[in-house]
>>> print(open('start.csv').read())   # CSV, C-alpha atoms
chain,number,residue,atom,x,y,z
A,10,MET,CA,-235.0,0.3,-2.6
A,11,ALA,CA,-234.9,3.8,-4.1
A,12,LEU,CA,-231.7,5.7,-4.1
A,13,THR,CA,-231.4,9.1,-2.6
A,14,LYS,CA,-228.8,11.7,-3.6
A,15,ASP,CA,-227.8,14.5,-1.3
A,16,GLU,CA,-224.9,16.8,-0.2
A,17,ALA,CA,-223.6,16.0,3.3
A,18,VAL,CA,-221.0,16.6,6.0
A,19,VAL,CA,-219.6,13.7,7.9
A,20,LEU,CA,-220.3,14.1,11.6
A,21,ARG,CA,-219.4,10.7,13.2
A,22,ARG,CA,-217.7,7.5,12.2
A,23,LEU,CA,-218.1,4.2,14.1
A,24,ASP,CA,-216.6,0.8,13.4
A,25,TYR,CA,-219.2,-1.8,12.8
A,26,SER,CA,-217.1,-4.8,11.8
A,27,GLU,CA,-213.6,-5.6,10.5
A,28,THR,CA,-214.6,-4.2,7.1
A,29,SER,CA,-217.6,-1.9,7.7
A,30,GLN,CA,-218.5,1.4,9.4
A,31,VAL,CA,-221.6,3.2,10.5
A,32,LEU,CA,-221.4,6.8,9.4
A,33,VAL,CA,-223.5,9.7,10.6
A,34,PHE,CA,-224.0,12.4,8.0
A,35,PHE,CA,-225.8,15.8,8.2
A,36,ALA,CA,-227.3,16.2,4.7
A,37,ARG,CA,-228.8,19.3,3.2
A,38,GLN,CA,-232.2,17.8,2.1
A,39,SER,CA,-232.3,14.7,4.4
A,40,GLY,CA,-231.1,15.9,7.8
A,41,ILE,CA,-229.3,13.4,10.0
A,42,VAL,CA,-228.6,10.2,8.0
A,43,ARG,CA,-227.1,7.1,9.7
A,44,ALA,CA,-225.8,4.8,7.1
A,45,ILE,CA,-223.8,1.6,7.1
A,46,ALA,CA,-220.8,1.6,4.7
A,47,LYS,CA,-220.3,-2.1,3.9
A,48,GLY,CA,-216.7,-3.0,3.1
A,49,VAL,CA,-215.5,0.6,3.4
A,50,LYS,CA,-212.3,-0.5,5.2
A,51,ARG,CA,-211.5,-3.3,2.8
A,52,SER,CA,-209.2,-2.8,-0.2
A,53,THR,CA,-208.6,-5.4,-2.9
A,54,LYS,CA,-206.1,-5.7,-5.8
A,55,THR,CA,-208.4,-3.8,-8.0
A,56,ARG,CA,-210.1,-1.4,-5.6
A,57,PHE,CA,-208.8,0.9,-2.8
A,58,ALA,CA,-211.1,1.4,0.2
A,59,PRO,CA,-212.5,5.0,-0.1
A,60,ALA,CA,-211.4,7.4,2.6
A,61,ILE,CA,-214.4,9.0,4.4
A,62,ASP,CA,-213.0,11.4,6.9
A,63,LEU,CA,-214.8,13.3,9.7
A,64,LEU,CA,-215.9,16.9,8.8
A,65,ASP,CA,-215.5,16.3,5.0
A,66,ILE,CA,-218.3,17.5,2.7
A,67,GLY,CA,-219.3,15.5,-0.3
A,68,HIS,CA,-222.0,14.0,-2.5
A,69,LEU,CA,-223.9,11.2,-0.8
A,70,VAL,CA,-225.9,8.4,-2.4
A,71,PHE,CA,-227.8,6.0,-0.1
A,72,SER,CA,-230.7,3.6,-0.1
A,73,THR,CA,-233.3,3.0,2.6
A,74,ARG,CA,-236.2,0.8,3.5
A,75,SER,CA,-239.5,2.0,4.9
A,76,PRO,CA,-240.1,3.2,7.5
A,77,ARG,CA,-236.8,5.1,7.5
A,78,GLN,CA,-236.8,5.8,11.2
A,79,GLN,CA,-236.3,2.1,12.1
A,80,GLN,CA,-233.5,1.3,9.6
A,81,LEU,CA,-229.9,2.2,8.9
A,82,ALA,CA,-229.5,3.6,5.4
A,83,ILE,CA,-227.1,1.7,3.1
A,84,LEU,CA,-224.3,3.9,1.7
A,85,THR,CA,-223.9,3.2,-2.0
A,86,GLU,CA,-221.7,6.1,-3.1
A,87,TRP,CA,-219.6,8.9,-1.5
A,88,LYS,CA,-217.6,11.5,-3.4
A,89,GLN,CA,-215.7,14.0,-1.4
A,90,THR,CA,-215.9,17.6,-2.6
A,91,HIS,CA,-214.0,19.4,0.1
A,92,ALA,CA,-211.7,18.2,2.9
A,93,PHE,CA,-211.4,21.5,4.8
A,94,SER,CA,-207.7,20.8,5.3
A,95,GLY,CA,-207.2,24.1,7.2
A,96,LEU,CA,-209.0,22.7,10.2
A,97,ARG,CA,-206.1,20.3,10.8
A,98,GLU,CA,-203.5,23.1,10.8
A,99,ARG,CA,-204.5,24.3,14.3
A,100,LEU,CA,-206.1,22.5,17.2
A,101,ASP,CA,-208.5,25.3,18.1
A,102,ARG,CA,-210.0,25.2,14.6
A,103,LEU,CA,-210.3,21.4,14.7
A,104,HIS,CA,-211.9,21.4,18.2
A,105,ALA,CA,-214.4,24.1,17.2
A,106,ALA,CA,-215.4,22.1,14.2
A,107,GLN,CA,-215.8,18.9,16.2
A,108,TYR,CA,-217.9,20.9,18.7
A,109,ALA,CA,-220.2,22.1,15.9
A,110,ALA,CA,-220.6,18.6,14.6
A,111,GLU,CA,-221.4,17.2,18.0
A,112,VAL,CA,-224.1,19.8,18.8
A,113,VAL,CA,-225.7,19.5,15.4
A,114,ALA,CA,-226.0,15.7,15.9
A,115,GLY,CA,-227.3,16.3,19.5
A,116,LEU,CA,-230.0,18.9,18.6
A,117,THR,CA,-231.4,17.6,15.3
A,118,THR,CA,-233.3,14.4,14.6
A,119,ASP,CA,-232.9,11.8,11.9
A,120,TRP,CA,-234.5,12.6,8.6
A,121,ASP,CA,-235.5,16.1,9.7
A,122,PRO,CA,-233.9,18.5,7.2
A,123,HIS,CA,-232.6,22.0,8.1
A,124,PRO,CA,-231.1,23.4,4.8
A,125,ALA,CA,-230.2,26.8,6.4
A,126,LEU,CA,-228.4,25.0,9.3
A,127,PHE,CA,-226.6,22.8,6.8
A,128,GLY,CA,-225.4,26.0,5.0
A,129,ALA,CA,-224.4,27.6,8.2
A,130,LEU,CA,-222.3,24.5,9.2
A,131,VAL,CA,-220.5,24.5,5.8
A,132,ASP,CA,-219.9,28.2,6.1
A,133,LEU,CA,-218.5,27.7,9.6
A,134,LEU,CA,-216.1,24.9,8.5
A,135,ARG,CA,-214.9,27.0,5.6
A,136,GLY,CA,-214.5,30.1,7.8
A,137,LEU,CA,-212.5,28.2,10.5
A,138,CYS,CA,-210.0,27.0,7.9
A,139,ASP,CA,-208.2,30.3,8.0
A,140,ALA,CA,-209.6,32.0,11.1
A,141,PRO,CA,-207.2,33.7,13.4
A,142,ALA,CA,-209.7,33.2,16.3
A,143,VAL,CA,-212.5,30.7,16.5
A,144,ILE,CA,-214.9,31.6,19.4
A,145,GLY,CA,-216.7,34.5,17.7
A,146,LEU,CA,-217.5,32.3,14.7
A,147,LEU,CA,-218.6,29.5,17.0
A,148,VAL,CA,-221.0,31.7,18.9
A,149,ALA,CA,-222.6,32.9,15.7
A,150,PHE,CA,-223.1,29.3,14.7
A,151,GLN,CA,-224.5,28.4,18.2
A,152,ARG,CA,-227.1,31.2,17.6
A,153,THR,CA,-228.0,29.9,14.2
A,154,LEU,CA,-228.3,26.3,15.4
A,155,LEU,CA,-230.6,27.3,18.3
A,156,HIS,CA,-232.7,29.5,16.0
A,157,GLU,CA,-233.1,26.7,13.4
A,158,VAL,CA,-234.3,24.2,15.9
A,159,GLY,CA,-236.6,26.6,17.7
A,160,LEU,CA,-234.6,26.9,20.9
A,161,LEU,CA,-233.0,30.4,20.7
A,162,PRO,CA,-233.5,32.0,24.1
A,163,GLU,CA,-235.0,35.4,24.8
A,164,LEU,CA,-232.1,37.8,24.9
A,165,ASP,CA,-233.7,41.3,24.6
A,166,ALA,CA,-235.6,41.5,27.9
A,167,CYS,CA,-236.2,39.8,31.2
A,168,ILE,CA,-238.2,36.6,30.6
A,169,SER,CA,-240.1,37.2,33.8
A,170,CYS,CA,-241.0,40.8,33.8
A,171,GLY,CA,-240.2,42.0,30.3
A,172,ARG,CA,-237.9,44.8,31.4
A,173,ALA,CA,-235.0,45.6,29.1
A,174,PRO,CA,-231.5,45.1,30.6
A,175,VAL,CA,-230.1,48.2,32.3
A,176,PRO,CA,-226.4,49.0,31.8
A,177,ARG,CA,-224.2,48.1,34.8
A,178,GLU,CA,-227.0,46.2,36.5
A,179,PRO,CA,-226.4,42.4,37.2
A,180,LEU,CA,-228.0,40.2,34.6
A,181,TYR,CA,-228.7,36.5,34.6
A,182,PHE,CA,-229.6,33.7,32.2
A,183,SER,CA,-231.9,30.7,32.9
A,184,SER,CA,-232.0,27.9,30.4
A,185,HIS,CA,-235.1,26.4,32.1
A,186,GLU,CA,-236.9,29.7,31.6
A,187,GLY,CA,-235.4,30.2,28.2
A,188,GLY,CA,-233.9,33.7,28.5
A,189,LEU,CA,-232.5,36.6,30.5
A,190,ILE,CA,-233.5,37.4,34.0
A,191,CYS,CA,-233.1,40.9,35.5
A,192,ARG,CA,-231.7,41.7,39.0
A,193,ASP,CA,-235.2,42.2,40.4
A,194,CYS,CA,-236.4,38.7,39.3
A,195,GLU,CA,-233.4,36.5,39.7
A,196,ALA,CA,-234.0,35.7,43.4
A,197,ALA,CA,-237.0,33.6,42.4
A,198,HIS,CA,-235.0,31.4,40.1
A,199,VAL,CA,-232.6,28.7,41.4
A,200,GLU,CA,-231.3,27.6,37.9
A,201,LYS,CA,-229.4,30.6,36.5
A,202,ARG,CA,-226.0,31.8,35.3
A,203,GLN,CA,-224.7,35.4,35.6
A,204,VAL,CA,-224.1,37.1,32.2
A,205,ARG,CA,-221.1,39.3,31.8
A,206,PRO,CA,-222.2,42.7,30.5
A,207,ALA,CA,-219.5,42.6,27.7
A,208,SER,CA,-221.0,39.3,26.4
A,209,LEU,CA,-224.5,40.6,25.9
A,210,GLY,CA,-223.9,42.1,22.5
A,211,ILE,CA,-222.4,39.0,21.0
A,212,LEU,CA,-225.2,36.9,22.6
A,213,ARG,CA,-227.7,39.0,20.7
A,214,GLY,CA,-225.7,38.7,17.4
A,215,GLU,CA,-224.8,42.4,17.5
A,216,GLY,CA,-221.1,41.8,17.3
A,217,ALA,CA,-218.5,42.4,20.0
A,218,PRO,CA,-214.7,42.1,20.5
A,219,GLU,CA,-213.4,38.5,20.3
A,220,GLU,CA,-212.4,38.6,23.9
A,221,SER,CA,-216.1,39.0,24.9
A,222,ALA,CA,-217.0,35.9,22.9
A,223,ALA,CA,-215.8,33.4,25.5
A,224,GLY,CA,-218.5,34.4,28.0
A,225,ALA,CA,-221.2,34.2,25.3
A,226,PHE,CA,-220.0,30.8,24.3
A,227,ASP,CA,-220.2,29.6,27.9
A,228,ILE,CA,-223.8,30.8,28.2
A,229,LEU,CA,-225.0,29.3,24.9
A,230,ASN,CA,-223.1,26.1,25.6
A,231,TYR,CA,-224.8,25.9,29.0
A,232,HIS,CA,-228.2,26.3,27.3
A,233,ILE,CA,-227.3,23.7,24.6
A,234,SER,CA,-226.2,21.3,27.4
A,235,HIS,CA,-229.5,21.8,29.2
A,236,VAL,CA,-231.6,21.0,26.1
A,237,MET,CA,-229.4,18.1,25.0
A,238,GLY,CA,-229.6,16.6,28.5
A,239,ARG,CA,-225.8,16.4,28.7
A,240,ALA,CA,-222.8,18.6,28.2
A,241,PRO,CA,-221.0,18.3,24.8
A,242,VAL,CA,-217.9,16.3,25.4
A,243,THR,CA,-215.9,18.6,23.0
A,244,ALA,CA,-216.9,21.8,24.9
A,245,PRO,CA,-213.9,21.8,27.3
A,246,LEU,CA,-211.5,21.6,24.3
A,247,VAL,CA,-212.9,24.8,22.7
>>> encode(input="start.csv", output="structure tokens")
Amino acid sequence: MALTKDEAVVLRRLDYSETSQVLVFFARQSGIVRAIAKGVKRSTKTRFAPAIDLLDIGHLVFSTRSPRQQQLAILTEWKQTHAFSGLRERLDRLHAAQYAAEVVAGLTTDWDPHPALFGALVDLLRGLCDAPAVIGLLVAFQRTLLHEVGLLPELDACISCGRAPVPREPLYFSSHEGGLICRDCEAAHVEKRQVRPASLGILRGEGAPEESAAGAFDILNYHISHVMGRAPVTAPLV
């Protein structure tokens, strides 16, 4: 079995046996990698069990059999390069990072690389470590995630009639339709959420006060939940 080397972030960690774990990585060149770490929890007189913590970034070496999609990879080496310790200093930072890890795992598929998304995730984790507020950073990451997987909704005009939003008029968002819906078209759509006017700028990536970010987060999380088929369990913590 050939060895593959990559850079990765640890997204999930599941106990497999008394001594082993299944780890879910998001790797720069390999995408989602599910690997079994045999004996990772067992120390001996001559060897300490390596610590592989959630949200760490490091150098990953693994082996796989063909076809990859039907097999767990086998972890052969892990070397942590950054622990992002600032995430553990405040709960809002940690919860934001856990949310990002969950939605990346939920919206990407095994062995499908997204180098730009990997870079955005690393930048987010680094930025959260000393961030005074987290929601604005998280909304920017939601937008990048949706763009990279081809699911960013239409936010510049009504998805039904093409009319640009009018200031002070009610505005809605439909995940099923994939974008904004104006006041004139909203009656024909059952599935929709109202968009706060103050949130529209940050939804479009134009920047806005941090207090406007919560509404934008709710809209994009609603869309992410729709395409994932379930609500992220970490969303209520953010």
>>> residues_around(input="start.csv", residues="region 34-42 of chain A", least_positions_apart="6", cutoff="6 Å", atoms="all atoms listed in the file", output="PDB file with C-alpha atoms, in the coordinates of the input")
ATOM      1  CA  GLU A  16    -224.900  16.800  -0.200  1.00  0.00           C
ATOM      2  CA  ALA A  17    -223.600  16.000   3.300  1.00  0.00           C
ATOM      3  CA  VAL A  18    -221.000  16.600   6.000  1.00  0.00           C
ATOM      4  CA  VAL A  19    -219.600  13.700   7.900  1.00  0.00           C
ATOM      5  CA  LEU A  20    -220.300  14.100  11.600  1.00  0.00           C
ATOM      6  CA  ASP A 119    -232.900  11.800  11.900  1.00  0.00           C
ATOM      7  CA  TRP A 120    -234.500  12.600   8.600  1.00  0.00           C
ATOM      8  CA  ASP A 121    -235.500  16.100   9.700  1.00  0.00           C
ATOM      9  CA  PRO A 122    -233.900  18.500   7.200  1.00  0.00           C
ATOM     10  CA  PRO A 124    -231.100  23.400   4.800  1.00  0.00           C
ATOM     11  CA  PHE A 127    -226.600  22.800   6.800  1.00  0.00           C
TER      12      PHE A 127
END
>>> atom_distance(input="start.csv", atom1="CA of Ala142 (chain A)", atom2="CA of Ser221 (chain A)")
12.2 Å
>>> closest_residue(input="start.csv", among="A:Leu161, A:Ser169, A:Glu215, A:Gln203", to="His232 (chain A)", atoms="only C-alpha atoms")
A:Leu161
>>> closest_residue(input="start.csv", among="A:Arg172, A:Arg213, A:His185, A:Arg21", to="Gln151 (chain A)", atoms="all atoms listed in the file")
A:Arg213
>>> closest_residue(input="start.csv", among="A:Arg97, A:Asn230, A:Leu84, A:Ala140", to="Thr243 (chain A)", atoms="all atoms listed in the file")
A:Asn230
>>> atom_distance(input="start.csv", atom1="CA of Tyr231 (chain A)", atom2="CA of Leu212 (chain A)")
12.7 Å
>>> atom_distance(input="start.csv", atom1="CA of Gly67 (chain A)", atom2="CA of Gly159 (chain A)")
27.3 Å
>>> residues_near_point(input="start.csv", point="(-216.8, 4.4, 12.2)", cutoff="6 Å", atoms="only C-alpha atoms", output="VMD selection string")
chain A and resid 22 to 24 30 to 32
>>> closest_residue(input="start.csv", among="A:Ala46, A:Leu134, A:Leu146, A:Ala125", to="Tyr25 (chain A)", atoms="only C-alpha atoms")
A:Ala46
>>> residues_around(input="start.csv", residues="Ala109 (chain A)", least_positions_apart="2", cutoff="12 Å", atoms="only C-alpha atoms", output="compact mmCIF listing (two decimals) with C-alpha atoms, in the coordinates of the input")
# COMPACT_ATOMS: atom_id res chain seq x y z
CA VAL A 18 -221.00 16.60 6.00
CA VAL A 19 -219.60 13.70 7.90
CA LEU A 20 -220.30 14.10 11.60
CA ARG A 21 -219.40 10.70 13.20
CA PHE A 35 -225.80 15.80 8.20
CA LEU A 64 -215.90 16.90 8.80
CA ARG A 102 -210.00 25.20 14.60
CA LEU A 103 -210.30 21.40 14.70
CA HIS A 104 -211.90 21.40 18.20
CA ALA A 105 -214.40 24.10 17.20
CA ALA A 106 -215.40 22.10 14.20
CA GLN A 107 -215.80 18.90 16.20
CA GLU A 111 -221.40 17.20 18.00
CA VAL A 112 -224.10 19.80 18.80
CA VAL A 113 -225.70 19.50 15.40
CA ALA A 114 -226.00 15.70 15.90
CA GLY A 115 -227.30 16.30 19.50
CA LEU A 116 -230.00 18.90 18.60
CA LEU A 126 -228.40 25.00 9.30
CA PHE A 127 -226.60 22.80 6.80
CA ALA A 129 -224.40 27.60 8.20
CA LEU A 130 -222.30 24.50 9.20
CA VAL A 131 -220.50 24.50 5.80
CA ASP A 132 -219.90 28.20 6.10
CA LEU A 133 -218.50 27.70 9.60
CA LEU A 134 -216.10 24.90 8.50
CA LEU A 137 -212.50 28.20 10.50
CA VAL A 143 -212.50 30.70 16.50
CA ILE A 144 -214.90 31.60 19.40
CA LEU A 146 -217.50 32.30 14.70
CA LEU A 147 -218.60 29.50 17.00
CA VAL A 148 -221.00 31.70 18.90
CA ALA A 149 -222.60 32.90 15.70
CA PHE A 150 -223.10 29.30 14.70
CA GLN A 151 -224.50 28.40 18.20
CA ARG A 152 -227.10 31.20 17.60
CA THR A 153 -228.00 29.90 14.20
CA LEU A 154 -228.30 26.30 15.40
CA LEU A 155 -230.60 27.30 18.30
CA ASN A 230 -223.10 26.10 25.60
CA ILE A 233 -227.30 23.70 24.60
CA PRO A 241 -221.00 18.30 24.80
CA VAL A 242 -217.90 16.30 25.40
CA THR A 243 -215.90 18.60 23.00
CA ALA A 244 -216.90 21.80 24.90
CA VAL A 247 -212.90 24.80 22.70
>>> residues_around(input="start.csv", residues="Ala173 (chain A)", least_positions_apart="5", cutoff="10 Å", atoms="all atoms listed in the file", output="PyMOL selection string")
chain A and resi 164-168+189-191
>>> closest_residue(input="start.csv", among="A:Phe226, A:Trp87, A:Tyr181, A:Phe93", to="Val204 (chain A)", atoms="only C-alpha atoms")
A:Tyr181
>>> closest_residue(input="start.csv", among="A:Ala223, A:Leu246, A:Val236, A:Leu63", to="Glu186 (chain A)", atoms="all atoms listed in the file")
A:Val236
